[in-house]
file target20.cif (mmCIF, N, CA and C atoms)
data_target
loop_
_atom_site.group_PDB
_atom_site.id
_atom_site.type_symbol
_atom_site.label_atom_id
_atom_site.label_comp_id
_atom_site.auth_asym_id
_atom_site.auth_seq_id
_atom_site.Cartn_x
_atom_site.Cartn_y
_atom_site.Cartn_z
ATOM 1 N N MET A 534 179.487 127.890 61.597
ATOM 2 C CA MET A 534 179.704 126.898 60.585
ATOM 3 C C MET A 534 180.880 127.333 59.719
ATOM 4 N N TYR A 535 181.759 126.406 59.465
ATOM 5 C CA TYR A 535 182.940 126.692 58.652
ATOM 6 C C TYR A 535 182.769 126.128 57.254
ATOM 7 N N LEU A 536 183.293 126.861 56.275
ATOM 8 C CA LEU A 536 183.212 126.454 54.879
ATOM 9 C C LEU A 536 184.612 126.297 54.303
ATOM 10 N N THR A 537 184.753 125.431 53.321
ATOM 11 C CA THR A 537 186.014 125.336 52.589
ATOM 12 C C THR A 537 186.082 126.488 51.589
ATOM 13 N N ILE A 538 187.197 126.627 50.923
ATOM 14 C CA ILE A 538 187.355 127.694 49.932
ATOM 15 C C ILE A 538 186.355 127.510 48.795
ATOM 16 N N GLU A 539 186.163 126.271 48.360
ATOM 17 C CA GLU A 539 185.231 126.003 47.267
ATOM 18 C C GLU A 539 183.795 126.325 47.674
ATOM 19 N N GLU A 540 183.420 125.943 48.888
ATOM 20 C CA GLU A 540 182.073 126.228 49.370
ATOM 21 C C GLU A 540 181.860 127.733 49.536
ATOM 22 N N THR A 541 182.894 128.427 49.996
ATOM 23 C CA THR A 541 182.811 129.879 50.152
ATOM 24 C C THR A 541 182.647 130.557 48.800
ATOM 25 N N ALA A 542 183.378 130.091 47.800
ATOM 26 C CA ALA A 542 183.271 130.652 46.456
ATOM 27 C C ALA A 542 181.857 130.460 45.915
ATOM 28 N N GLU A 543 181.286 129.304 46.157
ATOM 29 C CA GLU A 543 179.911 129.048 45.704
ATOM 30 C C GLU A 543 178.916 129.914 46.481
ATOM 31 N N TYR A 544 179.118 130.048 47.796
ATOM 32 C CA TYR A 544 178.222 130.831 48.652
ATOM 33 C C TYR A 544 178.218 132.303 48.246
ATOM 34 N N LEU A 545 179.401 132.827 47.893
ATOM 35 C CA LEU A 545 179.521 134.242 47.531
ATOM 36 C C LEU A 545 179.424 134.491 46.026
ATOM 37 N N SER A 546 179.287 133.435 45.246
ATOM 38 C CA SER A 546 179.241 133.518 43.774
ATOM 39 C C SER A 546 180.491 134.188 43.220
ATOM 40 N N LEU A 547 181.641 133.743 43.724
ATOM 41 C CA LEU A 547 182.926 134.269 43.277
ATOM 42 C C LEU A 547 183.813 133.117 42.829
ATOM 43 N N ASP A 548 184.909 133.457 42.187
ATOM 44 C CA ASP A 548 185.864 132.461 41.715
ATOM 45 C C ASP A 548 186.730 131.967 42.871
ATOM 46 N N VAL A 549 187.130 130.692 42.816
ATOM 47 C CA VAL A 549 187.958 130.097 43.869
ATOM 48 C C VAL A 549 189.293 130.829 43.978
ATOM 49 N N ALA A 550 189.894 131.173 42.839
ATOM 50 C CA ALA A 550 191.178 131.880 42.857
ATOM 51 C C ALA A 550 191.048 133.247 43.541
ATOM 52 N N TYR A 551 189.933 133.913 43.332
ATOM 53 C CA TYR A 551 189.714 135.214 43.959
ATOM 54 C C TYR A 551 189.576 135.074 45.469
ATOM 55 N N ILE A 552 188.896 134.022 45.928
ATOM 56 C CA ILE A 552 188.775 133.774 47.367
ATOM 57 C C ILE A 552 190.161 133.532 47.961
ATOM 58 N N LYS A 553 190.990 132.783 47.272
ATOM 59 C CA LYS A 553 192.360 132.527 47.757
ATOM 60 C C LYS A 553 193.148 133.834 47.854
ATOM 61 N N GLN A 554 192.981 134.717 46.873
ATOM 62 C CA GLN A 554 193.657 136.018 46.914
ATOM 63 C C GLN A 554 193.185 136.836 48.109
ATOM 64 N N LEU A 555 191.891 136.800 48.386
ATOM 65 C CA LEU A 555 191.356 137.551 49.523
ATOM 66 C C LEU A 555 191.893 137.002 50.848
ATOM 67 N N ILE A 556 192.070 135.703 50.930
ATOM 68 C CA ILE A 556 192.628 135.104 52.142
ATOM 69 C C ILE A 556 194.084 135.528 52.307
ATOM 70 N N GLN A 557 194.853 135.492 51.220
ATOM 71 C CA GLN A 557 196.260 135.892 51.286
ATOM 72 C C GLN A 557 196.406 137.368 51.625
ATOM 73 N N ALA A 558 195.487 138.191 51.155
ATOM 74 C CA ALA A 558 195.521 139.625 51.443
ATOM 75 C C ALA A 558 194.905 139.944 52.802
ATOM 76 N N LYS A 559 194.450 138.903 53.520
ATOM 77 C CA LYS A 559 193.835 139.024 54.845
ATOM 78 C C LYS A 559 192.558 139.860 54.828
ATOM 79 N N LYS A 560 191.843 139.805 53.709
ATOM 80 C CA LYS A 560 190.547 140.472 53.619
ATOM 81 C C LYS A 560 189.435 139.543 54.103
ATOM 82 N N ILE A 561 189.713 138.241 54.071
ATOM 83 C CA ILE A 561 188.809 137.228 54.611
ATOM 84 C C ILE A 561 189.590 136.468 55.674
ATOM 85 N N ARG A 562 188.983 136.346 56.862
ATOM 86 C CA ARG A 562 189.628 135.587 57.927
ATOM 87 C C ARG A 562 189.429 134.096 57.693
ATOM 88 N N ALA A 563 190.506 133.332 57.821
ATOM 89 C CA ALA A 563 190.438 131.892 57.607
ATOM 90 C C ALA A 563 191.402 131.197 58.559
ATOM 91 N N VAL A 564 191.090 129.951 58.876
ATOM 92 C CA VAL A 564 191.959 129.121 59.705
ATOM 93 C C VAL A 564 192.444 127.956 58.858
ATOM 94 N N HIS A 565 193.676 127.567 59.094
ATOM 95 C CA HIS A 565 194.245 126.436 58.377
ATOM 96 C C HIS A 565 194.310 125.260 59.338
ATOM 97 N N ASP A 566 193.667 124.160 58.974
ATOM 98 C CA ASP A 566 193.618 123.006 59.874
ATOM 99 C C ASP A 566 194.694 121.969 59.566
ATOM 100 N N GLY A 567 195.663 122.316 58.760
ATOM 101 C CA GLY A 567 196.723 121.392 58.396
ATOM 102 C C GLY A 567 196.553 120.859 56.991
ATOM 103 N N GLU A 568 195.323 120.792 56.526
ATOM 104 C CA GLU A 568 195.055 120.300 55.185
ATOM 105 C C GLU A 568 194.433 121.366 54.284
ATOM 106 N N GLN A 569 193.557 122.153 54.850
ATOM 107 C CA GLN A 569 192.822 123.135 54.047
ATOM 108 C C GLN A 569 192.488 124.359 54.879
ATOM 109 N N PHE A 570 192.114 125.419 54.169
ATOM 110 C CA PHE A 570 191.653 126.624 54.842
ATOM 111 C C PHE A 570 190.165 126.488 55.113
ATOM 112 N N LEU A 571 189.754 126.905 56.305
ATOM 113 C CA LEU A 571 188.349 126.920 56.674
ATOM 114 C C LEU A 571 187.951 128.353 56.969
ATOM 115 N N ILE A 572 186.805 128.747 56.465
ATOM 116 C CA ILE A 572 186.339 130.123 56.561
ATOM 117 C C ILE A 572 185.022 130.126 57.320
ATOM 118 N N TYR A 573 184.936 131.001 58.324
ATOM 119 C CA TYR A 573 183.731 131.108 59.145
ATOM 120 C C TYR A 573 182.651 131.836 58.356
ATOM 121 N N LYS A 574 181.548 131.157 58.131
ATOM 122 C CA LYS A 574 180.473 131.669 57.273
ATOM 123 C C LYS A 574 179.817 132.925 57.823
ATOM 124 N N GLU A 575 179.696 133.038 59.129
ATOM 125 C CA GLU A 575 178.963 134.150 59.741
ATOM 126 C C GLU A 575 179.632 135.506 59.529
ATOM 127 N N GLN A 576 180.924 135.532 59.152
ATOM 128 C CA GLN A 576 181.585 136.817 58.939
ATOM 129 C C GLN A 576 181.031 137.559 57.727
ATOM 130 N N PHE A 577 180.303 136.862 56.861
ATOM 131 C CA PHE A 577 179.749 137.486 55.666
ATOM 132 C C PHE A 577 178.325 137.979 55.865
ATOM 133 N N ASN A 578 177.662 137.575 56.942
ATOM 134 C CA ASN A 578 176.252 137.919 57.135
ATOM 135 C C ASN A 578 176.016 139.423 57.175
ATOM 136 N N ASN A 579 176.829 140.161 57.922
ATOM 137 C CA ASN A 579 176.653 141.613 58.010
ATOM 138 C C ASN A 579 176.847 142.257 56.640
ATOM 139 N N HIS A 580 177.855 141.812 55.924
ATOM 140 C CA HIS A 580 178.136 142.358 54.596
ATOM 141 C C HIS A 580 176.972 142.074 53.642
ATOM 142 N N LEU A 581 176.472 140.849 53.657
ATOM 143 C CA LEU A 581 175.367 140.497 52.771
ATOM 144 C C LEU A 581 174.087 141.238 53.152
ATOM 145 N N ASP A 582 173.875 141.459 54.444
ATOM 146 C CA ASP A 582 172.722 142.240 54.887
ATOM 147 C C ASP A 582 172.810 143.678 54.376
ATOM 148 N N GLN A 583 173.997 144.262 54.436
ATOM 149 C CA GLN A 583 174.187 145.627 53.947
ATOM 150 C C GLN A 583 173.946 145.715 52.445
ATOM 151 N N ILE A 584 174.385 144.703 51.701
ATOM 152 C CA ILE A 584 174.161 144.693 50.253
ATOM 153 C C ILE A 584 172.668 144.641 49.953
ATOM 154 N N GLU A 585 171.932 143.804 50.685
ATOM 155 C CA GLU A 585 170.486 143.708 50.476
ATOM 156 C C GLU A 585 169.793 145.028 50.793
ATOM 157 N N LYS A 586 170.228 145.707 51.859
ATOM 158 C CA LYS A 586 169.641 147.004 52.207
ATOM 159 C C LYS A 586 169.901 148.031 51.107
ATOM 160 N N MET A 587 171.115 148.040 50.572
ATOM 161 C CA MET A 587 171.451 148.987 49.510
ATOM 162 C C MET A 587 170.644 148.699 48.249
ATOM 163 N N LYS A 588 170.474 147.421 47.903
ATOM 164 C CA LYS A 588 169.669 147.072 46.733
ATOM 165 C C LYS A 588 168.237 147.553 46.906
ATOM 166 N N LYS A 589 167.698 147.400 48.111
ATOM 167 C CA LYS A 589 166.327 147.841 48.378
ATOM 168 C C LYS A 589 166.228 149.365 48.285
ATOM 169 N N MET A 590 167.224 150.076 48.839
ATOM 170 C CA MET A 590 167.206 151.540 48.768
ATOM 171 C C MET A 590 167.274 152.025 47.325
ATOM 172 N N ILE A 591 168.103 151.391 46.513
ATOM 173 C CA ILE A 591 168.230 151.781 45.105
ATOM 174 C C ILE A 591 166.931 151.495 44.359
ATOM 175 N N ALA A 592 166.333 150.326 44.621
ATOM 176 C CA ALA A 592 165.063 149.989 43.962
ATOM 177 C C ALA A 592 163.977 150.973 44.368
ATOM 178 N N ASP A 593 163.914 151.341 45.639
ATOM 179 C CA ASP A 593 162.922 152.317 46.099
ATOM 180 C C ASP A 593 163.138 153.672 45.430
ATOM 181 N N TYR A 594 164.395 154.072 45.282
ATOM 182 C CA TYR A 594 164.724 155.352 44.653
ATOM 183 C C TYR A 594 164.250 155.368 43.193
ATOM 184 N N TYR A 595 164.524 154.281 42.468
ATOM 185 C CA TYR A 595 164.130 154.233 41.060
ATOM 186 C C TYR A 595 162.630 154.072 40.870
ATOM 187 N N ASN A 596 161.948 153.518 41.846
ATOM 188 C CA ASN A 596 160.497 153.333 41.733
ATOM 189 C C ASN A 596 159.698 154.545 42.207
ATOM 190 N N GLU A 597 160.371 155.535 42.772
ATOM 191 C CA GLU A 597 159.692 156.734 43.247
ATOM 192 C C GLU A 597 159.241 157.564 42.046
ATOM 193 N N PRO A 598 157.979 157.989 42.022
ATOM 194 C CA PRO A 598 157.490 158.769 40.871
ATOM 195 C C PRO A 598 158.140 160.149 40.820
ATOM 196 N N ILE A 599 158.254 160.655 39.619
ATOM 197 C CA ILE A 599 158.824 161.988 39.426
ATOM 198 C C ILE A 599 157.739 163.010 39.766
ATOM 199 N N PRO A 600 158.015 163.950 40.657
ATOM 200 C CA PRO A 600 156.989 164.927 41.034
ATOM 201 C C PRO A 600 156.736 165.927 39.900
ATOM 202 N N GLU A 601 155.548 166.456 39.906
ATOM 203 C CA GLU A 601 155.196 167.482 38.918
ATOM 204 C C GLU A 601 156.016 168.732 39.193
ATOM 205 N N ASP A 602 156.464 169.361 38.125
ATOM 206 C CA ASP A 602 157.225 170.594 38.253
ATOM 207 C C ASP A 602 156.247 171.769 38.329
ATOM 208 N N PRO A 603 156.265 172.551 39.415
ATOM 209 C CA PRO A 603 155.297 173.663 39.540
ATOM 210 C C PRO A 603 155.572 174.809 38.567
ATOM 211 N N ASP A 604 156.755 174.849 37.956
ATOM 212 C CA ASP A 604 157.092 175.958 37.062
ATOM 213 C C ASP A 604 156.606 175.735 35.635
ATOM 214 N N ILE A 605 156.121 174.557 35.320
ATOM 215 C CA ILE A 605 155.649 174.280 33.967
ATOM 216 C C ILE A 605 154.267 174.884 33.791
ATOM 217 N N LYS A 606 154.121 175.680 32.745
ATOM 218 C CA LYS A 606 152.819 176.324 32.469
ATOM 219 C C LYS A 606 152.229 175.716 31.203
ATOM 220 N N ASP A 607 150.954 175.474 31.266
ATOM 221 C CA ASP A 607 150.258 174.963 30.108
ATOM 222 C C ASP A 607 149.872 176.151 29.236
ATOM 223 N N GLU A 608 150.496 176.290 28.084
ATOM 224 C CA GLU A 608 150.261 177.462 27.228
ATOM 225 C C GLU A 608 149.526 177.078 25.952
ATOM 226 N N ASP A 609 148.605 176.184 26.034
ATOM 227 C CA ASP A 609 147.838 175.803 24.830
ATOM 228 C C ASP A 609 146.779 176.777 24.535
#

call {"tool": "encode", "arguments": {"input": "target20.cif", "output": "structure tokens"}}
result
Amino acid sequence: MYLTIEETAEYLSLDVAYIKQLIQAKKIRAVHDGEQFLIYKEQFNNHLDQIEKMKKMIADYYNEPIPEDPDIKDED
């Protein structure tokens, strides 16, 4: 499925001008059909999957309980 620049900006939650810059810098692959640039949506799936995995890893890391320190002595 192909998206326009505006649809891509909405899909990625980015600014339209930034998407245009990425296309000009060849960071996003796009085809020009004579009137507009079309961007293949599936090229972002791997990237978005990796972001979700990283978010889950970070959340798991922060939710891990702090282990008891064996060197602490109760001196009451």

call {"tool": "resolve_selection", "arguments": {"input": "target20.cif", "expression": "the PyMOL selection byres ((chain A and resi 535-544) around 7)", "output": "PDB file with N, CA and C atoms, in the coordinates of the input"}}
result
ATOM      1  N   MET A 534     179.487 127.890  61.597  1.00  0.00           N
ATOM      2  CA  MET A 534     179.704 126.898  60.585  1.00  0.00           C
ATOM      3  C   MET A 534     180.880 127.333  59.719  1.00  0.00           C
ATOM      4  N   LEU A 545     179.401 132.827  47.893  1.00  0.00           N
ATOM      5  CA  LEU A 545     179.521 134.242  47.531  1.00  0.00           C
ATOM      6  C   LEU A 545     179.424 134.491  46.026  1.00  0.00           C
ATOM      7  N   SER A 546     179.287 133.435  45.246  1.00  0.00           N
ATOM      8  CA  SER A 546     179.241 133.518  43.774  1.00  0.00           C
ATOM      9  C   SER A 546     180.491 134.188  43.220  1.00  0.00           C
ATOM     10  N   LEU A 547     181.641 133.743  43.724  1.00  0.00           N
ATOM     11  CA  LEU A 547     182.926 134.269  43.277  1.00  0.00           C
ATOM     12  C   LEU A 547     183.813 133.117  42.829  1.00  0.00           C
ATOM     13  N   ASP A 548     184.909 133.457  42.187  1.00  0.00           N
ATOM     14  CA  ASP A 548     185.864 132.461  41.715  1.00  0.00           C
ATOM     15  C   ASP A 548     186.730 131.967  42.871  1.00  0.00           C
ATOM     16  N   VAL A 549     187.130 130.692  42.816  1.00  0.00           N
ATOM     17  CA  VAL A 549     187.958 130.097  43.869  1.00  0.00           C
ATOM     18  C   VAL A 549     189.293 130.829  43.978  1.00  0.00           C
ATOM     19  N   ILE A 552     188.896 134.022  45.928  1.00  0.00           N
ATOM     20  CA  ILE A 552     188.775 133.774  47.367  1.00  0.00           C
ATOM     21  C   ILE A 552     190.161 133.532  47.961  1.00  0.00           C
ATOM     22  N   LYS A 553     190.990 132.783  47.272  1.00  0.00           N
ATOM     23  CA  LYS A 553     192.360 132.527  47.757  1.00  0.00           C
ATOM     24  C   LYS A 553     193.148 133.834  47.854  1.00  0.00           C
ATOM     25  N   GLN A 569     193.557 122.153  54.850  1.00  0.00           N
ATOM     26  CA  GLN A 569     192.822 123.135  54.047  1.00  0.00           C
ATOM     27  C   GLN A 569     192.488 124.359  54.879  1.00  0.00           C
ATOM     28  N   PHE A 570     192.114 125.419  54.169  1.00  0.00           N
ATOM     29  CA  PHE A 570     191.653 126.624  54.842  1.00  0.00           C
ATOM     30  C   PHE A 570     190.165 126.488  55.113  1.00  0.00           C
ATOM     31  N   LEU A 571     189.754 126.905  56.305  1.00  0.00           N
ATOM     32  CA  LEU A 571     188.349 126.920  56.674  1.00  0.00           C
ATOM     33  C   LEU A 571     187.951 128.353  56.969  1.00  0.00           C
ATOM     34  N   ILE A 572     186.805 128.747  56.465  1.00  0.00           N
ATOM     35  CA  ILE A 572     186.339 130.123  56.561  1.00  0.00           C
ATOM     36  C   ILE A 572     185.022 130.126  57.320  1.00  0.00           C
ATOM     37  N   TYR A 573     184.936 131.001  58.324  1.00  0.00           N
ATOM     38  CA  TYR A 573     183.731 131.108  59.145  1.00  0.00           C
ATOM     39  C   TYR A 573     182.651 131.836  58.356  1.00  0.00           C
ATOM     40  N   LYS A 574     181.548 131.157  58.131  1.00  0.00           N
ATOM     41  CA  LYS A 574     180.473 131.669  57.273  1.00  0.00           C
ATOM     42  C   LYS A 574     179.817 132.925  57.823  1.00  0.00           C
ATOM     43  N   GLU A 575     179.696 133.038  59.129  1.00  0.00           N
ATOM     44  CA  GLU A 575     178.963 134.150  59.741  1.00  0.00           C
ATOM     45  C   GLU A 575     179.632 135.506  59.529  1.00  0.00           C
TER      46      GLU A 575
END

call {"tool": "atom_distance", "arguments": {"input": "target20.cif", "atom1": "CA of His565 in chain A", "atom2": "atom C of Asn578 in chain A"}}
result
22.4 Å

call {"tool": "atom_distance", "arguments": {"input": "target20.cif", "atom1": "CA of Tyr551 in chain A", "atom2": "CA of Met587 in chain A"}}
result
23.5 Å

call {"tool": "atom_distance", "arguments": {"input": "target20.cif", "atom1": "atom N of His580 in chain A", "atom2": "atom N of Tyr595 in chain A"}}
result
22.7 Å

call {"tool": "select_by_dssp", "arguments": {"input": "target20.cif", "residues": "chain A", "states": "helix (DSSP H, G or I)", "output": "PDB file with N, CA and C atoms, keeping the file's coordinate frame"}}
result
ATOM      1  N   ILE A 538     187.197 126.627  50.923  1.00  0.00           N
ATOM      2  CA  ILE A 538     187.355 127.694  49.932  1.00  0.00           C
ATOM      3  C   ILE A 538     186.355 127.510  48.795  1.00  0.00           C
ATOM      4  N   GLU A 539     186.163 126.271  48.360  1.00  0.00           N
ATOM      5  CA  GLU A 539     185.231 126.003  47.267  1.00  0.00           C
ATOM      6  C   GLU A 539     183.795 126.325  47.674  1.00  0.00           C
ATOM      7  N   GLU A 540     183.420 125.943  48.888  1.00  0.00           N
ATOM      8  CA  GLU A 540     182.073 126.228  49.370  1.00  0.00           C
ATOM      9  C   GLU A 540     181.860 127.733  49.536  1.00  0.00           C
ATOM     10  N   THR A 541     182.894 128.427  49.996  1.00  0.00           N
ATOM     11  CA  THR A 541     182.811 129.879  50.152  1.00  0.00           C
ATOM     12  C   THR A 541     182.647 130.557  48.800  1.00  0.00           C
ATOM     13  N   ALA A 542     183.378 130.091  47.800  1.00  0.00           N
ATOM     14  CA  ALA A 542     183.271 130.652  46.456  1.00  0.00           C
ATOM     15  C   ALA A 542     181.857 130.460  45.915  1.00  0.00           C
ATOM     16  N   GLU A 543     181.286 129.304  46.157  1.00  0.00           N
ATOM     17  CA  GLU A 543     179.911 129.048  45.704  1.00  0.00           C
ATOM     18  C   GLU A 543     178.916 129.914  46.481  1.00  0.00           C
ATOM     19  N   TYR A 544     179.118 130.048  47.796  1.00  0.00           N
ATOM     20  CA  TYR A 544     178.222 130.831  48.652  1.00  0.00           C
ATOM     21  C   TYR A 544     178.218 132.303  48.246  1.00  0.00           C
ATOM     22  N   LEU A 545     179.401 132.827  47.893  1.00  0.00           N
ATOM     23  CA  LEU A 545     179.521 134.242  47.531  1.00  0.00           C
ATOM     24  C   LEU A 545     179.424 134.491  46.026  1.00  0.00           C
ATOM     25  N   VAL A 549     187.130 130.692  42.816  1.00  0.00           N
ATOM     26  CA  VAL A 549     187.958 130.097  43.869  1.00  0.00           C
ATOM     27  C   VAL A 549     189.293 130.829  43.978  1.00  0.00           C
ATOM     28  N   ALA A 550     189.894 131.173  42.839  1.00  0.00           N
ATOM     29  CA  ALA A 550     191.178 131.880  42.857  1.00  0.00           C
ATOM     30  C   ALA A 550     191.048 133.247  43.541  1.00  0.00           C
ATOM     31  N   TYR A 551     189.933 133.913  43.332  1.00  0.00           N
ATOM     32  CA  TYR A 551     189.714 135.214  43.959  1.00  0.00           C
ATOM     33  C   TYR A 551     189.576 135.074  45.469  1.00  0.00           C
ATOM     34  N   ILE A 552     188.896 134.022  45.928  1.00  0.00           N
ATOM     35  CA  ILE A 552     188.775 133.774  47.367  1.00  0.00           C
ATOM     36  C   ILE A 552     190.161 133.532  47.961  1.00  0.00           C
ATOM     37  N   LYS A 553     190.990 132.783  47.272  1.00  0.00           N
ATOM     38  CA  LYS A 553     192.360 132.527  47.757  1.00  0.00           C
ATOM     39  C   LYS A 553     193.148 133.834  47.854  1.00  0.00           C
ATOM     40  N   GLN A 554     192.981 134.717  46.873  1.00  0.00           N
ATOM     41  CA  GLN A 554     193.657 136.018  46.914  1.00  0.00           C
ATOM     42  C   GLN A 554     193.185 136.836  48.109  1.00  0.00           C
ATOM     43  N   LEU A 555     191.891 136.800  48.386  1.00  0.00           N
ATOM     44  CA  LEU A 555     191.356 137.551  49.523  1.00  0.00           C
ATOM     45  C   LEU A 555     191.893 137.002  50.848  1.00  0.00           C
ATOM     46  N   ILE A 556     192.070 135.703  50.930  1.00  0.00           N
ATOM     47  CA  ILE A 556     192.628 135.104  52.142  1.00  0.00           C
ATOM     48  C   ILE A 556     194.084 135.528  52.307  1.00  0.00           C
ATOM     49  N   GLN A 557     194.853 135.492  51.220  1.00  0.00           N
ATOM     50  CA  GLN A 557     196.260 135.892  51.286  1.00  0.00           C
ATOM     51  C   GLN A 557     196.406 137.368  51.625  1.00  0.00           C
ATOM     52  N   LYS A 574     181.548 131.157  58.131  1.00  0.00           N
ATOM     53  CA  LYS A 574     180.473 131.669  57.273  1.00  0.00           C
ATOM     54  C   LYS A 574     179.817 132.925  57.823  1.00  0.00           C
ATOM     55  N   GLU A 575     179.696 133.038  59.129  1.00  0.00           N
ATOM     56  CA  GLU A 575     178.963 134.150  59.741  1.00  0.00           C
ATOM     57  C   GLU A 575     179.632 135.506  59.529  1.00  0.00           C
ATOM     58  N   GLN A 576     180.924 135.532  59.152  1.00  0.00           N
ATOM     59  CA  GLN A 576     181.585 136.817  58.939  1.00  0.00           C
ATOM     60  C   GLN A 576     181.031 137.559  57.727  1.00  0.00           C
ATOM     61  N   PHE A 577     180.303 136.862  56.861  1.00  0.00           N
ATOM     62  CA  PHE A 577     179.749 137.486  55.666  1.00  0.00           C
ATOM     63  C   PHE A 577     178.325 137.979  55.865  1.00  0.00           C
ATOM     64  N   ASN A 578     177.662 137.575  56.942  1.00  0.00           N
ATOM     65  CA  ASN A 578     176.252 137.919  57.135  1.00  0.00           C
ATOM     66  C   ASN A 578     176.016 139.423  57.175  1.00  0.00           C
ATOM     67  N   ASN A 579     176.829 140.161  57.922  1.00  0.00           N
ATOM     68  CA  ASN A 579     176.653 141.613  58.010  1.00  0.00           C
ATOM     69  C   ASN A 579     176.847 142.257  56.640  1.00  0.00           C
ATOM     70  N   HIS A 580     177.855 141.812  55.924  1.00  0.00           N
ATOM     71  CA  HIS A 580     178.136 142.358  54.596  1.00  0.00           C
ATOM     72  C   HIS A 580     176.972 142.074  53.642  1.00  0.00           C
ATOM     73  N   LEU A 581     176.472 140.849  53.657  1.00  0.00           N
ATOM     74  CA  LEU A 581     175.367 140.497  52.771  1.00  0.00           C
ATOM     75  C   LEU A 581     174.087 141.238  53.152  1.00  0.00           C
ATOM     76  N   ASP A 582     173.875 141.459  54.444  1.00  0.00           N
ATOM     77  CA  ASP A 582     172.722 142.240  54.887  1.00  0.00           C
ATOM     78  C   ASP A 582     172.810 143.678  54.376  1.00  0.00           C
ATOM     79  N   GLN A 583     173.997 144.262  54.436  1.00  0.00           N
ATOM     80  CA  GLN A 583     174.187 145.627  53.947  1.00  0.00           C
ATOM     81  C   GLN A 583     173.946 145.715  52.445  1.00  0.00           C
ATOM     82  N   ILE A 584     174.385 144.703  51.701  1.00  0.00           N
ATOM     83  CA  ILE A 584     174.161 144.693  50.253  1.00  0.00           C
ATOM     84  C   ILE A 584     172.668 144.641  49.953  1.00  0.00           C
ATOM     85  N   GLU A 585     171.932 143.804  50.685  1.00  0.00           N
ATOM     86  CA  GLU A 585     170.486 143.708  50.476  1.00  0.00           C
ATOM     87  C   GLU A 585     169.793 145.028  50.793  1.00  0.00           C
ATOM     88  N   LYS A 586     170.228 145.707  51.859  1.00  0.00           N
ATOM     89  CA  LYS A 586     169.641 147.004  52.207  1.00  0.00           C
ATOM     90  C   LYS A 586     169.901 148.031  51.107  1.00  0.00           C
ATOM     91  N   MET A 587     171.115 148.040  50.572  1.00  0.00           N
ATOM     92  CA  MET A 587     171.451 148.987  49.510  1.00  0.00           C
ATOM     93  C   MET A 587     170.644 148.699  48.249  1.00  0.00           C
ATOM     94  N   LYS A 588     170.474 147.421  47.903  1.00  0.00           N
ATOM     95  CA  LYS A 588     169.669 147.072  46.733  1.00  0.00           C
ATOM     96  C   LYS A 588     168.237 147.553  46.906  1.00  0.00           C
ATOM     97  N   LYS A 589     167.698 147.400  48.111  1.00  0.00           N
ATOM     98  CA  LYS A 589     166.327 147.841  48.378  1.00  0.00           C
ATOM     99  C   LYS A 589     166.228 149.365  48.285  1.00  0.00           C
ATOM    100  N   MET A 590     167.224 150.076  48.839  1.00  0.00           N
ATOM    101  CA  MET A 590     167.206 151.540  48.768  1.00  0.00           C
ATOM    102  C   MET A 590     167.274 152.025  47.325  1.00  0.00           C
ATOM    103  N   ILE A 591     168.103 151.391  46.513  1.00  0.00           N
ATOM    104  CA  ILE A 591     168.230 151.781  45.105  1.00  0.00           C
ATOM    105  C   ILE A 591     166.931 151.495  44.359  1.00  0.00           C
ATOM    106  N   ALA A 592     166.333 150.326  44.621  1.00  0.00           N
ATOM    107  CA  ALA A 592     165.063 149.989  43.962  1.00  0.00           C
ATOM    108  C   ALA A 592     163.977 150.973  44.368  1.00  0.00           C
ATOM    109  N   ASP A 593     163.914 151.341  45.639  1.00  0.00           N
ATOM    110  CA  ASP A 593     162.922 152.317  46.099  1.00  0.00           C
ATOM    111  C   ASP A 593     163.138 153.672  45.430  1.00  0.00           C
ATOM    112  N   TYR A 594     164.395 154.072  45.282  1.00  0.00           N
ATOM    113  CA  TYR A 594     164.724 155.352  44.653  1.00  0.00           C
ATOM    114  C   TYR A 594     164.250 155.368  43.193  1.00  0.00           C
ATOM    115  N   TYR A 595     164.524 154.281  42.468  1.00  0.00           N
ATOM    116  CA  TYR A 595     164.130 154.233  41.060  1.00  0.00           C
ATOM    117  C   TYR A 595     162.630 154.072  40.870  1.00  0.00           C
ATOM    118  N   ASN A 596     161.948 153.518  41.846  1.00  0.00           N
ATOM    119  CA  ASN A 596     160.497 153.333  41.733  1.00  0.00           C
ATOM    120  C   ASN A 596     159.698 154.545  42.207  1.00  0.00           C
TER     121      ASN A 596
END

call {"tool": "select_by_dssp", "arguments": {"input": "target20.cif", "residues": "chain A", "states": "strand (DSSP E)", "output": "list in words"}}
result
Tyr535, Leu536, Ala563, Val564, His565, Phe570, Leu571, Ile572 and Tyr573 of chain A

call {"tool": "axis_aligned_box", "arguments": {"input": "target20.cif", "around": "range 573-579 of chain A", "padding_each_side": "6 Å", "output": "AutoDock Vina command-line options"}}
result
--center_x 180.5 --center_y 136.6 --center_z 57.7 --size_x 20.9 --size_y 23.3 --size_z 16.1

call {"tool": "decode", "arguments": {"input": "target20.cif", "residues": "range 551-564 of chain A", "atoms": "C-alpha atoms", "output": "mmCIF file, in the first residue's frame"}}
result
data_model
loop_
_atom_site.group_PDB
_atom_site.id
_atom_site.type_symbol
_atom_site.label_atom_id
_atom_site.label_comp_id
_atom_site.auth_asym_id
_atom_site.auth_seq_id
_atom_site.Cartn_x
_atom_site.Cartn_y
_atom_site.Cartn_z
ATOM 1 C CA TYR A 551 10.342 16.640 7.870
ATOM 2 C CA ILE A 552 9.036 13.796 5.686
ATOM 3 C CA LYS A 553 9.943 15.837 2.594
ATOM 4 C CA GLN A 554 13.461 16.361 3.983
ATOM 5 C CA LEU A 555 13.829 12.625 4.581
ATOM 6 C CA ILE A 556 12.763 11.906 1.001
ATOM 7 C CA GLN A 557 15.256 14.443 -0.377
ATOM 8 C CA ALA A 558 18.011 12.966 1.799
ATOM 9 C CA LYS A 559 17.011 9.491 0.494
ATOM 10 C CA LYS A 560 16.330 8.223 4.007
ATOM 11 C CA ILE A 561 12.803 7.270 2.924
ATOM 12 C CA ARG A 562 12.254 5.545 -0.406
ATOM 13 C CA ALA A 563 9.548 7.181 -2.508
ATOM 14 C CA VAL A 564 8.282 7.092 -6.083
#
